[in-house]
Each structure stands twice: as structure tokens, then as C-alpha cells.
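Structure file input20.cif (mmCIF, C-alpha atoms) is printed below.
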```cif
data_run
#
loop_
_atom_site.group_PDB
_atom_site.id
_atom_site.type_symbol
_atom_site.label_atom_id
_atom_site.label_comp_id
_atom_site.auth_asym_id
_atom_site.auth_seq_id
_atom_site.Cartn_x
_atom_site.Cartn_y
_atom_site.Cartn_z
ATOM 1 C CA MET A 1 8.618 13.318 17.272
ATOM 2 C CA ASN A 2 11.158 13.240 14.430
ATOM 3 C CA HIS A 3 10.092 12.887 10.821
ATOM 4 C CA ILE A 4 11.599 11.745 7.518
ATOM 5 C CA LEU A 5 11.112 13.420 4.153
ATOM 6 C CA ALA A 6 10.104 10.559 1.831
ATOM 7 C CA ILE A 7 10.184 11.087 -1.937
ATOM 8 C CA ASP A 8 8.861 8.814 -4.701
ATOM 9 C CA ILE A 9 9.784 9.657 -8.306
ATOM 10 C CA GLY A 10 8.270 8.027 -11.371
ATOM 11 C CA GLY A 11 7.673 8.848 -14.994
ATOM 12 C CA THR A 12 4.096 10.028 -14.403
ATOM 13 C CA LYS A 13 4.019 11.217 -10.785
ATOM 14 C CA LEU A 14 6.166 12.874 -8.118
ATOM 15 C CA ALA A 15 5.162 12.255 -4.505
ATOM 16 C CA ALA A 16 6.535 13.422 -1.159
ATOM 17 C CA ALA A 17 5.537 12.970 2.462
ATOM 18 C CA LEU A 18 6.610 13.582 6.040
ATOM 19 C CA VAL A 19 6.655 10.190 7.762
ATOM 20 C CA ASP A 20 7.225 9.444 11.445
ATOM 21 C CA ALA A 21 9.046 6.507 13.017
ATOM 22 C CA SER A 22 5.888 4.369 13.109
ATOM 23 C CA GLY A 23 5.230 4.811 9.389
ATOM 24 C CA SER A 24 2.375 7.287 9.842
ATOM 25 C CA VAL A 25 2.135 10.107 7.293
ATOM 26 C CA LEU A 26 1.837 13.634 8.685
ATOM 27 C CA ARG A 27 1.671 15.414 5.334
ATOM 28 C CA SER A 28 1.801 14.315 1.705
ATOM 29 C CA ALA A 29 1.389 15.757 -1.776
ATOM 30 C CA THR A 30 1.745 14.716 -5.422
ATOM 31 C CA ARG A 31 2.376 16.421 -8.747
ATOM 32 C CA PRO A 32 2.566 15.203 -12.345
ATOM 33 C CA THR A 33 6.128 14.579 -13.519
ATOM 34 C CA PRO A 34 7.025 17.227 -16.101
ATOM 35 C CA ARG A 35 9.061 16.309 -19.164
ATOM 36 C CA GLN A 36 11.613 19.008 -18.318
ATOM 37 C CA GLN A 37 12.652 20.890 -15.158
ATOM 38 C CA VAL A 38 11.845 17.936 -12.929
ATOM 39 C CA MET A 39 13.956 19.254 -10.045
ATOM 40 C CA ALA A 40 12.098 22.552 -10.061
ATOM 41 C CA ALA A 41 8.806 20.682 -9.729
ATOM 42 C CA LEU A 42 10.280 18.462 -7.023
ATOM 43 C CA GLY A 43 11.548 21.495 -5.131
ATOM 44 C CA GLY A 44 8.059 22.994 -5.112
ATOM 45 C CA LEU A 45 6.609 19.702 -3.927
ATOM 46 C CA ILE A 46 9.117 19.433 -1.082
ATOM 47 C CA GLU A 47 8.360 22.986 0.012
ATOM 48 C CA GLU A 48 4.637 22.201 -0.010
ATOM 49 C CA VAL A 49 5.161 19.185 2.259
ATOM 50 C CA THR A 50 7.762 20.635 4.632
ATOM 51 C CA GLY A 51 6.883 24.334 4.781
ATOM 52 C CA GLY A 52 5.740 25.315 8.262
ATOM 53 C CA GLY A 53 5.934 21.726 9.478
ATOM 54 C CA PRO A 54 8.403 19.800 11.619
ATOM 55 C CA GLU A 55 11.968 19.740 10.330
ATOM 56 C CA PRO A 56 12.798 16.298 8.888
ATOM 57 C CA VAL A 57 15.990 14.618 10.045
ATOM 58 C CA ALA A 58 16.811 12.889 6.728
ATOM 59 C CA ALA A 59 15.482 12.292 3.220
ATOM 60 C CA GLY A 60 14.789 8.970 1.502
ATOM 61 C CA ILE A 61 14.214 8.693 -2.241
ATOM 62 C CA GLY A 62 12.703 5.899 -4.293
ATOM 63 C CA CYS A 63 13.190 6.448 -8.011
ATOM 64 C CA ALA A 64 12.626 4.536 -11.214
ATOM 65 C CA GLY A 65 15.833 3.052 -12.588
ATOM 66 C CA PRO A 66 18.306 1.985 -13.692
ATOM 67 C CA LEU A 67 20.454 3.701 -11.075
ATOM 68 C CA ASP A 68 24.025 3.758 -9.820
ATOM 69 C CA LEU A 69 23.884 3.534 -6.055
ATOM 70 C CA ALA A 70 27.539 4.382 -5.449
ATOM 71 C CA ALA A 71 27.356 7.545 -7.547
ATOM 72 C CA GLY A 72 23.801 8.391 -6.490
ATOM 73 C CA THR A 73 22.722 8.781 -10.122
ATOM 74 C CA VAL A 74 19.572 7.675 -11.939
ATOM 75 C CA SER A 75 18.653 7.084 -15.603
ATOM 76 C CA PRO A 76 14.917 6.293 -15.583
ATOM 77 C CA VAL A 77 13.803 4.743 -18.861
ATOM 78 C CA ASN A 78 10.598 6.812 -18.950
ATOM 79 C CA MET A 79 12.283 10.115 -17.986
ATOM 80 C CA PRO A 80 14.497 10.979 -20.974
ATOM 81 C CA SER A 81 15.693 14.277 -19.478
ATOM 82 C CA TRP A 82 17.556 12.356 -16.746
ATOM 83 C CA ARG A 83 20.560 10.294 -17.863
ATOM 84 C CA GLY A 84 23.185 9.719 -15.198
ATOM 85 C CA PHE A 85 21.402 12.404 -13.203
ATOM 86 C CA PRO A 86 22.940 13.023 -9.736
ATOM 87 C CA LEU A 87 19.615 12.809 -7.907
ATOM 88 C CA ARG A 88 20.944 11.991 -4.434
ATOM 89 C CA ASP A 89 23.314 14.964 -4.406
ATOM 90 C CA GLU A 90 20.708 17.300 -5.917
ATOM 91 C CA VAL A 91 18.188 16.462 -3.185
ATOM 92 C CA ARG A 92 20.875 16.694 -0.501
ATOM 93 C CA GLU A 93 21.824 20.173 -1.749
ATOM 94 C CA LEU A 94 18.180 21.231 -2.074
ATOM 95 C CA THR A 95 17.174 20.125 1.427
ATOM 96 C CA GLY A 96 20.416 20.176 3.422
ATOM 97 C CA LEU A 97 19.463 16.733 4.743
ATOM 98 C CA PRO A 98 21.333 13.423 4.878
ATOM 99 C CA THR A 99 19.905 11.649 1.827
ATOM 100 C CA VAL A 100 19.680 8.022 0.747
ATOM 101 C CA LEU A 101 18.490 6.579 -2.583
ATOM 102 C CA ALA A 102 17.069 3.260 -3.808
ATOM 103 C CA GLY A 103 14.914 1.957 -6.643
ATOM 104 C CA ASP A 104 11.192 2.661 -6.507
ATOM 105 C CA ALA A 105 10.209 -1.014 -6.510
ATOM 106 C CA GLN A 106 12.810 -1.758 -3.837
ATOM 107 C CA CYS A 107 11.181 0.930 -1.719
ATOM 108 C CA MET A 108 7.760 -0.581 -2.434
ATOM 109 C CA ALA A 109 8.997 -3.925 -1.087
ATOM 110 C CA LEU A 110 10.528 -2.315 1.990
ATOM 111 C CA GLY A 111 7.359 -0.317 2.674
ATOM 112 C CA GLU A 112 5.161 -3.409 2.446
ATOM 113 C CA HIS A 113 7.536 -5.244 4.770
ATOM 114 C CA TRP A 114 7.491 -2.400 7.301
ATOM 115 C CA VAL A 115 3.806 -1.478 7.538
ATOM 116 C CA GLY A 116 2.020 -3.382 4.759
ATOM 117 C CA ALA A 117 1.132 -6.845 3.530
ATOM 118 C CA GLY A 118 4.627 -8.248 4.060
ATOM 119 C CA GLN A 119 5.031 -7.558 7.776
ATOM 120 C CA HIS A 120 7.000 -10.226 9.650
ATOM 121 C CA SER A 121 8.054 -12.006 6.445
ATOM 122 C CA ARG A 122 11.676 -13.193 6.669
ATOM 123 C CA ALA A 123 12.078 -13.263 2.884
ATOM 124 C CA LEU A 124 9.828 -10.899 0.953
ATOM 125 C CA LEU A 125 9.620 -10.304 -2.776
ATOM 126 C CA GLY A 126 7.760 -7.105 -3.681
ATOM 127 C CA ILE A 127 6.545 -6.866 -7.279
ATOM 128 C CA VAL A 128 5.170 -3.814 -9.077
ATOM 129 C CA VAL A 129 3.094 -4.798 -12.126
ATOM 130 C CA SER A 130 2.238 -1.688 -14.100
ATOM 131 C CA THR A 131 3.508 -0.091 -17.321
ATOM 132 C CA GLY A 132 6.644 -2.089 -16.595
ATOM 133 C CA ILE A 133 7.472 -4.682 -13.950
ATOM 134 C CA GLY A 134 9.857 -4.014 -11.087
ATOM 135 C CA GLY A 135 10.675 -5.680 -7.836
ATOM 136 C CA GLY A 136 12.608 -5.666 -4.614
ATOM 137 C CA LEU A 137 13.826 -8.170 -2.039
ATOM 138 C CA VAL A 138 13.787 -7.752 1.733
ATOM 139 C CA ILE A 139 15.664 -10.522 3.547
ATOM 140 C CA ASP A 140 15.572 -10.617 7.366
ATOM 141 C CA GLY A 141 14.341 -7.022 7.360
ATOM 142 C CA THR A 142 17.159 -5.709 5.139
ATOM 143 C CA PRO A 143 16.619 -4.579 1.537
ATOM 144 C CA VAL A 144 18.855 -6.332 -0.990
ATOM 145 C CA LEU A 145 20.025 -3.535 -3.293
ATOM 146 C CA GLY A 146 22.905 -5.173 -5.155
ATOM 147 C CA PRO A 147 26.378 -3.856 -6.111
ATOM 148 C CA THR A 148 25.051 -0.985 -8.237
ATOM 149 C CA GLY A 149 21.594 -0.717 -6.672
ATOM 150 C CA ASN A 150 19.711 -2.604 -9.374
ATOM 151 C CA ALA A 151 18.872 -5.879 -7.617
ATOM 152 C CA GLY A 152 15.235 -6.855 -8.000
ATOM 153 C CA HIS A 153 14.773 -6.191 -11.727
ATOM 154 C CA VAL A 154 12.484 -9.208 -11.835
ATOM 155 C CA GLY A 155 10.596 -7.884 -14.854
ATOM 156 C CA HIS A 156 13.624 -8.743 -16.936
ATOM 157 C CA MET A 157 14.078 -12.275 -15.698
ATOM 158 C CA SER A 158 13.615 -14.631 -18.645
ATOM 159 C CA VAL A 159 10.825 -17.170 -18.246
ATOM 160 C CA ASP A 160 11.214 -18.391 -21.839
ATOM 161 C CA PRO A 161 14.705 -18.281 -23.431
ATOM 162 C CA TYR A 162 13.080 -18.973 -26.832
ATOM 163 C CA GLY A 163 10.317 -16.440 -26.240
ATOM 164 C CA GLU A 164 9.460 -13.011 -27.565
ATOM 165 C CA ARG A 165 12.058 -10.284 -27.782
ATOM 166 C CA CYS A 166 11.584 -7.771 -24.951
ATOM 167 C CA GLU A 167 11.824 -3.992 -25.217
ATOM 168 C CA CYS A 168 15.004 -4.218 -23.108
ATOM 169 C CA GLY A 169 16.709 -6.292 -25.819
ATOM 170 C CA GLY A 170 16.431 -9.573 -23.935
ATOM 171 C CA ARG A 171 14.238 -12.524 -24.799
ATOM 172 C CA GLY A 172 11.351 -14.068 -22.889
ATOM 173 C CA CYS A 173 11.280 -11.433 -20.127
ATOM 174 C CA VAL A 174 8.375 -11.448 -17.670
ATOM 175 C CA GLU A 175 7.603 -7.847 -18.605
ATOM 176 C CA ARG A 176 6.967 -8.837 -22.220
ATOM 177 C CA TYR A 177 4.123 -11.100 -21.067
ATOM 178 C CA ALA A 178 2.681 -9.547 -17.916
ATOM 179 C CA SER A 179 3.032 -5.744 -17.949
ATOM 180 C CA GLY A 180 -0.133 -3.751 -18.549
ATOM 181 C CA PRO A 181 0.690 -2.597 -22.104
ATOM 182 C CA ASN A 182 1.860 -6.072 -23.118
ATOM 183 C CA LEU A 183 -1.261 -7.746 -21.720
ATOM 184 C CA ALA A 184 -3.358 -5.404 -23.869
ATOM 185 C CA ARG A 185 -1.037 -5.759 -26.899
ATOM 186 C CA TRP A 186 -1.307 -9.541 -26.908
ATOM 187 C CA ALA A 187 -5.073 -9.417 -26.448
ATOM 188 C CA LEU A 188 -5.492 -7.030 -29.382
ATOM 189 C CA GLU A 189 -3.268 -9.220 -31.567
ATOM 190 C CA ASN A 190 -5.519 -12.160 -30.727
ATOM 191 C CA GLY A 191 -8.860 -10.588 -31.526
ATOM 192 C CA TRP A 192 -9.891 -8.680 -28.405
ATOM 193 C CA THR A 193 -12.467 -5.915 -28.920
ATOM 194 C CA PRO A 194 -12.046 -3.520 -25.958
ATOM 195 C CA GLY A 195 -15.170 -3.075 -23.866
ATOM 196 C CA LEU A 196 -17.371 -5.477 -25.817
ATOM 197 C CA ALA A 197 -17.758 -8.108 -23.116
ATOM 198 C CA SER A 198 -18.328 -5.654 -20.266
ATOM 199 C CA SER A 199 -20.825 -3.602 -22.302
ATOM 200 C CA ASN A 200 -22.754 -6.786 -23.165
ATOM 201 C CA ARG A 201 -23.266 -7.404 -19.435
ATOM 202 C CA ARG A 202 -25.156 -4.111 -19.030
ATOM 203 C CA ARG A 203 -28.930 -3.962 -19.343
ATOM 204 C CA PRO A 204 -29.897 -3.184 -22.970
ATOM 205 C CA ASP A 205 -31.653 0.013 -21.897
ATOM 206 C CA GLY A 206 -29.031 1.022 -19.331
ATOM 207 C CA PRO A 207 -26.407 3.716 -19.532
ATOM 208 C CA SER A 208 -23.153 3.098 -21.390
ATOM 209 C CA PRO A 209 -20.405 4.851 -19.454
ATOM 210 C CA ASP A 210 -17.703 3.582 -21.838
ATOM 211 C CA GLY A 211 -19.296 5.227 -24.847
ATOM 212 C CA GLY A 212 -20.831 3.817 -28.003
ATOM 213 C CA ALA A 213 -24.220 5.566 -27.919
ATOM 214 C CA PRO A 214 -24.636 8.759 -29.962
ATOM 215 C CA SER A 215 -24.538 12.001 -28.014
ATOM 216 C CA PRO A 216 -27.289 14.629 -28.386
ATOM 217 C CA ASP A 217 -25.333 16.355 -31.167
ATOM 218 C CA GLY A 218 -25.133 13.126 -33.152
ATOM 219 C CA VAL A 219 -21.448 12.483 -32.514
ATOM 220 C CA THR A 220 -20.550 8.976 -31.382
ATOM 221 C CA PRO A 221 -18.028 9.145 -28.519
ATOM 222 C CA ALA A 222 -14.815 7.179 -28.619
ATOM 223 C CA GLY A 223 -14.923 3.624 -27.305
ATOM 224 C CA PRO A 224 -13.128 2.389 -24.214
ATOM 225 C CA ALA A 225 -9.343 2.535 -24.112
ATOM 226 C CA ALA A 226 -7.436 -0.541 -25.235
ATOM 227 C CA ASP A 227 -5.537 -0.767 -21.964
ATOM 228 C CA ALA A 228 -5.088 -3.173 -19.065
ATOM 229 C CA ARG A 229 -7.929 -1.592 -17.073
ATOM 230 C CA THR A 230 -10.446 -2.258 -19.835
ATOM 231 C CA LEU A 231 -8.912 -5.689 -20.376
ATOM 232 C CA ALA A 232 -9.458 -6.533 -16.701
ATOM 233 C CA ARG A 233 -13.104 -5.466 -16.878
ATOM 234 C CA ASP A 234 -13.615 -7.618 -19.955
ATOM 235 C CA ALA A 235 -11.863 -10.576 -18.343
ATOM 236 C CA ALA A 236 -14.151 -10.237 -15.320
ATOM 237 C CA ALA A 237 -17.098 -10.219 -17.748
ATOM 238 C CA GLY A 238 -15.879 -13.478 -19.308
ATOM 239 C CA ASP A 239 -14.285 -12.334 -22.585
ATOM 240 C CA PRO A 240 -12.232 -15.419 -23.561
ATOM 241 C CA VAL A 241 -9.341 -13.477 -25.092
ATOM 242 C CA ALA A 242 -9.111 -11.130 -22.099
ATOM 243 C CA VAL A 243 -9.181 -14.126 -19.750
ATOM 244 C CA ALA A 244 -6.448 -15.822 -21.803
ATOM 245 C CA ALA A 245 -4.294 -12.679 -21.704
ATOM 246 C CA PHE A 246 -4.385 -12.601 -17.908
ATOM 247 C CA GLU A 247 -3.762 -16.354 -17.692
ATOM 248 C CA ARG A 248 -0.718 -15.938 -19.960
ATOM 249 C CA GLY A 249 0.613 -13.005 -17.938
ATOM 250 C CA ALA A 250 -0.061 -14.762 -14.636
ATOM 251 C CA ARG A 251 1.867 -17.826 -15.780
ATOM 252 C CA ALA A 252 4.896 -15.649 -16.594
ATOM 253 C CA LEU A 253 4.675 -14.031 -13.159
ATOM 254 C CA ALA A 254 4.353 -17.463 -11.562
ATOM 255 C CA GLY A 255 7.484 -18.674 -13.330
ATOM 256 C CA MET A 256 9.425 -15.701 -12.052
ATOM 257 C CA ILE A 257 8.131 -16.056 -8.462
ATOM 258 C CA ALA A 258 8.929 -19.782 -8.426
ATOM 259 C CA SER A 259 12.439 -19.079 -9.726
ATOM 260 C CA MET A 260 13.014 -16.424 -7.073
ATOM 261 C CA ALA A 261 11.768 -18.803 -4.395
ATOM 262 C CA ALA A 262 14.141 -21.512 -5.605
ATOM 263 C CA ALA A 263 17.063 -19.054 -5.660
ATOM 264 C CA VAL A 264 16.660 -17.229 -2.330
ATOM 265 C CA GLU A 265 13.808 -19.062 -0.551
ATOM 266 C CA VAL A 266 11.293 -16.237 -0.813
ATOM 267 C CA THR A 267 8.388 -16.949 1.538
ATOM 268 C CA THR A 268 6.069 -14.049 0.644
ATOM 269 C CA ALA A 269 5.372 -12.206 -2.603
ATOM 270 C CA VAL A 270 3.436 -8.927 -2.408
ATOM 271 C CA ILE A 271 2.080 -7.609 -5.695
ATOM 272 C CA GLY A 272 1.248 -3.951 -6.282
ATOM 273 C CA GLY A 273 1.012 -1.591 -9.227
ATOM 274 C CA GLY A 274 -1.952 -0.747 -11.429
ATOM 275 C CA VAL A 275 -2.371 -4.239 -12.901
ATOM 276 C CA SER A 276 -2.721 -5.725 -9.398
ATOM 277 C CA GLN A 277 -6.045 -3.885 -9.158
ATOM 278 C CA ALA A 278 -7.445 -6.414 -11.630
ATOM 279 C CA GLY A 279 -8.098 -8.601 -8.581
ATOM 280 C CA PRO A 280 -9.328 -12.181 -9.094
ATOM 281 C CA VAL A 281 -8.738 -12.190 -12.872
ATOM 282 C CA LEU A 282 -5.011 -11.892 -12.069
ATOM 283 C CA PHE A 283 -4.644 -13.546 -8.678
ATOM 284 C CA GLY A 284 -6.840 -16.564 -9.512
ATOM 285 C CA PRO A 285 -4.769 -17.781 -12.480
ATOM 286 C CA LEU A 286 -1.565 -16.765 -10.692
ATOM 287 C CA GLU A 287 -2.358 -19.083 -7.784
ATOM 288 C CA ALA A 288 -3.208 -21.904 -10.198
ATOM 289 C CA ALA A 289 -0.031 -21.363 -12.231
ATOM 290 C CA LEU A 290 2.165 -21.336 -9.125
ATOM 291 C CA ASP A 291 0.583 -24.586 -8.004
ATOM 292 C CA ASP A 292 1.372 -26.108 -11.405
ATOM 293 C CA ILE A 293 4.897 -24.708 -11.841
ATOM 294 C CA GLY A 294 6.233 -25.102 -8.301
ATOM 295 C CA GLY A 295 7.766 -28.456 -7.468
ATOM 296 C CA LEU A 296 9.812 -28.319 -4.292
ATOM 297 C CA GLY A 297 7.867 -27.853 -1.085
ATOM 298 C CA PHE A 298 9.454 -24.556 -0.090
ATOM 299 C CA VAL A 299 8.765 -23.167 -3.583
ATOM 300 C CA ARG A 300 5.118 -24.215 -3.475
ATOM 301 C CA ALA A 301 4.814 -22.679 0.000
ATOM 302 C CA VAL A 302 5.284 -19.080 -1.238
ATOM 303 C CA GLU A 303 2.321 -16.964 -0.143
ATOM 304 C CA VAL A 304 1.167 -14.379 -2.688
ATOM 305 C CA ARG A 305 -0.658 -11.315 -1.365
ATOM 306 C CA PRO A 306 -1.956 -8.086 -2.927
ATOM 307 C CA THR A 307 -0.562 -4.806 -1.655
ATOM 308 C CA THR A 308 -2.286 -3.205 1.313
ATOM 309 C CA LEU A 309 -0.489 0.144 0.931
ATOM 310 C CA GLY A 310 -1.067 0.741 -2.764
ATOM 311 C CA VAL A 311 0.665 3.865 -4.038
ATOM 312 C CA ARG A 312 1.814 4.694 -0.482
ATOM 313 C CA ALA A 313 4.183 1.706 -0.379
ATOM 314 C CA GLY A 314 7.025 3.494 -2.173
ATOM 315 C CA LEU A 315 6.904 6.460 0.194
ATOM 316 C CA ALA A 316 6.803 4.166 3.226
ATOM 317 C CA GLY A 317 9.824 2.268 1.956
ATOM 318 C CA ALA A 318 11.782 5.435 1.177
ATOM 319 C CA ALA A 319 11.056 6.642 4.706
ATOM 320 C CA ARG A 320 12.169 3.359 6.269
ATOM 321 C CA LEU A 321 15.353 3.418 4.195
ATOM 322 C CA ALA A 322 16.137 6.910 5.475
ATOM 323 C CA TRP A 323 15.297 5.989 9.085
ATOM 324 C CA ASP A 324 17.760 3.103 8.949
ATOM 325 C CA TYR A 325 20.367 5.273 7.239
ATOM 326 C CA SER A 326 20.056 8.109 9.787
ATOM 327 C CA ARG A 327 20.275 5.711 12.721
ATOM 328 C CA SER A 328 23.386 3.969 11.359
ATOM 329 C CA ALA A 329 25.046 7.311 10.706
ATOM 330 C CA SER A 330 24.389 8.670 14.218
#
```
Would you mind writing the structure in this file as C-alpha cells?
Amino acid sequence: MNHILAIDIGGTKLAAALVDASGSVLRSATRPTPRQQVMAALGGLIEEVTGGGPEPVAAGIGCAGPLDLAAGTVSPVNMPSWRGFPLRDEVRELTGLPTVLAGDAQCMALGEHWVGAGQHSRALLGIVVSTGIGGGLVIDGTPVLGPTGNAGHVGHMSVDPYGERCECGGRGCVERYASGPNLARWALENGWTPGLASSNRRRPDGPSPDGGAPSPDGVTPAGPAADARTLARDAAAGDPVAVAAFERGARALAGMIASMAAAVEVTTAVIGGGVSQAGPVLFGPLEAALDDIGGLGFVRAVEVRPTTLGVRAGLAGAARLAWDYSRSAS
């Protein structure tokens, strides 16, 4: 059976896998993304996955953007050593394989459509909610990449033209309200004390895994991190500021999903990324906000689902992209 070399490149992690035509993974491996010499690390990762195994017939890459699809170059915001980097050609030269490139969130959407939560959807919006917010569209089984390969940047859709200034320079972007760091930022600005609500739910004489009790040497360990993971735990424990932060972020996401549904008649939205692991504290208010914001019947009919592939979605999508590319080229 033939296999594809699938590659997923982000600011914190490099991943690669050998994937067959059914979407099953034969081998996979990950490495942290170094600040420099990224291609050397990627080369070692590819050798680890392919060495002594079946020869892949093509390579598919999902990478953080922005990117230039025609030139095959990438300029990931969180990878400063790559600006206009010719990733597609570098991987093609490294592997000797036909190589195709797309955005990491576009690959996530394609992977979920192929073997994940979005199977059989005619119009799928995949959304990655993490340090930033990305997305991808799959319409009638085909990924919508756009003229330069940057379609699906839903994190920088404006849901409030009078809203806060985003890190991208725009105003009122979804990412400013619903990304992990911005959820935590807003909560801190509005009086959130990280870990307080979840620690109050523990038995008074129970262990305190997030710190706060003196250690045997008398040193008090650091408290819980002021991040989206801690915020989600506190929201689940009923902290009103944490709950409000997720409600605010969910409403921004709902505005974006409703707008996408009105524009291209999206029928399914699959949400992945680290923030999606918050579970009911995100998906509960998101469902309520969509019900409130949506007006037209086909907009209100959008079905929102959590990812079923998790971090494997990007690799699955990169593999599917390469399968389609290799078949069209043969």
C-alpha cells in the first residue's frame, strides 16, 4: 500500500507521519520547533519517520502562515527565522518527492472533513482556537485556499468595527477576544485571580497540585499559570470573571461563525486547538450565542462540533492534500 509523508509545522512543534490512503498512520513523530536551523530539525524528523519504512509517493505540508501558495513560501508570525522561506521547494529537495503546501488550519479542516468530525459535510468550517485563531473551508470536499493560499484567516475577521485594536493592526478581530492569551488577558484585567476558584473547590485538607502550600524547605511554590487552561478550570469551578471571559470569547466566535454561514452557507463548524479542550465552558456559551446572533434559518442551522482528531487533524489534512495532488498529477 502506498503512503504519504505528512508534515505539520508550527511555532512550538514539528510533526511528521506516514499516512495511507484510508487516513491511517503507520508511523509518526514530533519534535520541538527550534528558533534556528528549523530545516535541520525537520530533516531529522523526516528521517526518523521514513527510515527503513515504505517509500512515500508524495509529501504534504501544513504550515503556519501567512504563506504565498504560488511561490511555495511561508512567513509564520511565530517563527521569526522564516520570512518568505521557500518551504515547499526545500522539502521537495530534501525528500525528492512531489510536494504540496497549505496553511496549518486549512489542513486541520481538511483532515476533519476526511476522517474526523466533519465527515460528509458539504460545507465545513474548521477553526483552530489556540495561541491564535486560524481556520479553513472545505466546500464539496475541496479545500478553499484562496489566490495566495491565505483563505480561512477567520481569526482576523472583525466582529466589532469599533472594538479593540488587534495585534495584527486591525480592529475588533475575533482573535483579540477569543484566543487563549486574550481570554486570560481580559480576565486578569477584570480581576481574575488564577486558580482561586478551582482551589476553593478542593477539600480543605486535600492536596494542592497547583501550589500555594509551603514545601518542606519553607519555600512557597509559584501559583498556577495565568493562562487559558487555568482560566477554563476556574470557569468550570464557577469563577464569575472566568465564566464571563469565556462567554465574551464565545460570542466573538459565534459572530464569526454566523458571518461565515451567511457568506458561504457553512453547515458544519469543527473547533480544535488547545482552547477547545475547555469543553462545556466554551461550547455551552457558544451554542447560546449562536442561537442569539443567528437570524436566517440556514445560519441558525450550523452544527458546531469539537474536533475528534485533535492534534492529528493537521497531519491528516496534509496527507489528504498530497493524495489529491499526486492523483491529479498522475
Worksheet entry | Gap from CA of Asp234 (chain A) to CA of Arg248 (chain A) - Å, one decimal | 15.3 Å
Discussion item. Measuring between only C-alpha atoms, which one of A:Ala269, A:Val91, A:Arg176, A:Gly314 shows the shortest distance to Gly10 (chain A)?
Written reply: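 Answer, going by the shortest atom-to-atom distance: A:Gly314.
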Practice prompt. Report as a list in words the residues that result from applying the PyMOL selection byres ((chain A and resi 190-201) around 6) to the structure here.
Written response: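 Output from the PyMOL selection byres ((chain A and resi 190-201) around 6), applied to this file: Ala187, Leu188, Glu189, Arg202, Pro224, Ala226, Asp234, Ala237, Asp239 and Val241 of chain A.
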Practice prompt. I would like the residues chosen by the PyMOL selection byres ((chain A and resi 32-47) around 12) on the shown file; could you give them as a PyMOL selection string?
Written response: chain A and resi 4-18+27-31+48-53+55-56+59+61+78-82+85-95
Running the PyMOL selection byres ((chain A and resi 103) around 6) on this model by hand, what would come out? Give it as a PDB file with C-alpha atoms, in the coordinates of the input.
```
ATOM      1  CA  GLY A  62      12.703   5.899  -4.293  1.00  0.00           C
ATOM      2  CA  CYS A  63      13.190   6.448  -8.011  1.00  0.00           C
ATOM      3  CA  ALA A  64      12.626   4.536 -11.214  1.00  0.00           C
ATOM      4  CA  ALA A 102      17.069   3.260  -3.808  1.00  0.00           C
ATOM      5  CA  ASP A 104      11.192   2.661  -6.507  1.00  0.00           C
ATOM      6  CA  ALA A 105      10.209  -1.014  -6.510  1.00  0.00           C
ATOM      7  CA  GLN A 106      12.810  -1.758  -3.837  1.00  0.00           C
TER       8      GLN A 106
END
```
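Distance-wise, CA of Ala313 (chain A) and CA of Glu112 (chain A) end up 5.9 Å apart.
When only C-alpha atoms are used to measure the gap to Ala301 (chain A), the shortest distance among A:Asn2, A:Thr267, A:Tyr177, A:Asn150 belongs to A:Thr267.
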Item to complete: Have a look at A:Gly141, A:Arg83, A:Val243, A:Ala318 and name the one nearest to Gly23 (chain A); count only C-alpha atoms.
Response: A:Ala318
Worksheet item: Separation of CA of Val100 (chain A) and CA of Gly60 (chain A), in Å?
Response: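 Between these atoms lies a distance of 5.0 Å.
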Practice prompt. Considering all atoms listed in the file, state which residue in the set A:Ser24, A:Met157, A:His3, A:Gly152 is at the smallest distance from Val57 (chain A).
Written response: A:His3
Enclose the full set of atoms of region 272-282 of chain A listed in the file within a box whose edges lie along x, y and z, apply 6 Å of padding to each of the six sides, and report centre and edge lengths in Å to one decimal as lines of an AutoDock Vina configuration file.
```
center_x = -4.0
center_y = -6.5
center_z = -9.6
size_x = 22.6
size_y = 23.4
size_z = 18.6
```
Fill in: Near-region 278-295 of chain A list (6 Å; all atoms listed in the file; drop same-chain fewer than 2 positions) as a list in words
Ala232, Phe246, Glu247, Ala250, Arg251, Ala254, Ala258, Val275, Ser276, Val299 and Arg300 of chain A
Fill in: Selected residue of minimal separation from Trp114 (chain A) among A:Cys168, A:Leu321, A:Ala263, A:Ala242, counting only C-alpha atoms
A:Leu321
Fill in: Residue with smallest distance to Pro66 (chain A) - pool A:Ser121, A:Thr148, A:Thr142, A:Thr307, counting all atoms listed in the file
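Among the listed residues, A:Thr148 lies closest to Pro66 (chain A).
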Item to complete: Write out as JSON, numbers by chain which residues come within 7 Å of region 134-137 of chain A when counting only C-alpha atoms, dropping same-chain ones fewer than 3 positions away.
Response: {"A": [105, 106, 109, 124, 125, 126, 127, 128, 129, 143, 144, 151, 152, 153, 154, 155]}
